[in-house]
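> Questions regarding the structure given below will be posed in turn.
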Amino acid sequence: MDCPACKGVVVVVEYQRIELDYCTKCYGVWFDAGELALLTERLGLEGGSLTVSEIVALPEKRVAEKARRCPICRKKMKKVTIGSASEVLIDVCTRGHGVWFDGGEVGQVLGQLKDKHAAADKQGRVIDFLGEVFHVRG
């Protein structure tokens with residue numbers, strides 16, 4: 001798969017059956033629909049798992065940033081914001097293939113989650129692992 005942001009090579013990073021597609025050039029991350037649901041389920045987030053269809057249902061954010069194309073279907077993705085403490089702008093495939101985080105965006109979301117979970121619990125361990133992969137400073 002080519003990176004939707006910089007067209008660089010994307011590598012697969014795997015942890016406990018969760019595969020993430022990671023661009024080593026711009027540090028963006030692609031979550032396939034099933035991977036995102038599995039990750040949020042493993043984190044034990046309130047309200048169950050976060051699905052791509054829930055993200056697609058969020059209102060589109062109009063910004064000057066160039067539209068990214070889904071690496072699966074090549075259609076333009078929708079830009080939406082997620083996050084509680086501060087909003088993070090991400091790209092989601094409207095056909096439900098997955099979600100793209102530009103470099104640093106996974107870290108922003110993880111930083112918000114890390115504040116809610118201690119490193120000793122299961123969620124904290126998964127968040128710590130992802131933080132190491134995506135260079136999140138605690």
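Simple scheme: letters A, B, ... for chains in structure tokens order, numbers from 1 for residues in each chain, numbers from 1 for ligands in the order shown.
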What are the DSSP alpha helix (DSSP H) residues of segment 11-106 of chain A, as a PyMOL selection string?

chain A and resi 33-43+52-56+105-106

> Only C-alpha atoms, please: the residues just picked out, written as an mmCIF file, in the first residue's frame.


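As written to disk, again_0.cif reads:
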```cif
data_model
loop_
_atom_site.group_PDB
_atom_site.id
_atom_site.type_symbol
_atom_site.label_atom_id
_atom_site.label_comp_id
_atom_site.auth_asym_id
_atom_site.auth_seq_id
_atom_site.Cartn_x
_atom_site.Cartn_y
_atom_site.Cartn_z
ATOM 1 C CA ALA A 33 -12.102 -0.761 9.758
ATOM 2 C CA GLY A 34 -11.680 -4.003 11.711
ATOM 3 C CA GLU A 35 -8.377 -2.913 13.235
ATOM 4 C CA LEU A 36 -9.870 0.261 14.663
ATOM 5 C CA ALA A 37 -12.778 -1.636 16.235
ATOM 6 C CA LEU A 38 -10.409 -4.283 17.645
ATOM 7 C CA LEU A 39 -8.081 -1.636 19.087
ATOM 8 C CA THR A 40 -10.844 0.327 20.815
ATOM 9 C CA GLU A 41 -12.323 -2.931 22.133
ATOM 10 C CA ARG A 42 -8.912 -3.945 23.538
ATOM 11 C CA LEU A 43 -8.582 -0.539 25.146
ATOM 12 C CA VAL A 52 -15.450 3.501 11.097
ATOM 13 C CA SER A 53 -19.191 3.865 10.452
ATOM 14 C CA GLU A 54 -19.481 5.990 13.623
ATOM 15 C CA ILE A 55 -16.615 8.184 12.424
ATOM 16 C CA VAL A 56 -18.138 8.468 8.923
ATOM 17 C CA GLU A 105 -2.335 12.572 15.151
ATOM 18 C CA VAL A 106 -2.302 9.088 16.704
#
```

> Find the residues around Val13 of chain A up to 9 Å (only C-alpha atoms counted), leave out those fewer than 5 positions away in its own chain, and share them as a ChimeraX atom specification.

/A:18-22,133

> Got a sec: who's within 8 Å of segment 5-10 of chain A, counting only C-alpha atoms, leaving out chain neighbours fewer than 6 positions off, as a PyMOL selection string?

chain A and resi 21-26+28+68+102

> Which neighbours of Thr94 of chain A fall inside 12 Å, counting only C-alpha atoms, when residues of the same chain fewer than 4 positions from it are skipped, and could you give them as a list in words?

Ala33, Val52, Ser53, Glu54, Ile55, Val56, Ala57, Leu58, Pro59, Glu60, Arg68, Arg69, Cys70, Ile72, Cys73, Arg74, Lys75, Lys76, Met77, Lys78, Lys79, Val80, Gly98, Val99 and Trp100 of chain A

> Atom CA of Ala64 of chain A and atom CA of Val11 of chain A are how many Å apart?

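Separation of atom CA of Ala64 of chain A and atom CA of Val11 of chain A: 28.3 Å.
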
> Quick one: of A:Asp2, A:Trp30, A:Phe101, A:Val109, who's nearest to Gly83 of chain A, counting only C-alpha atoms?

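Ranked by minimum distance to Gly83 of chain A, first place goes to A:Val109.
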
> Running DSSP on the backbone, which parts of segment 56-116 of chain A land in strand (DSSP E), as a list in words?

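Of segment 56-116 of chain A, the ones in strand (DSSP E) are Lys78, Lys79, Val80, Thr81, Ile82, Val88, Leu89, Ile90, Asp91, Val92, Gly98, Val99, Trp100 and Phe101 of chain A.
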
> Grab the atom CA of Asp32 of chain A to atom CA of Arg95 of chain A distance for me, in Å with one decimal place.

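Computing the Euclidean distance for atom CA of Asp32 of chain A and atom CA of Arg95 of chain A yields 11.6 Å.
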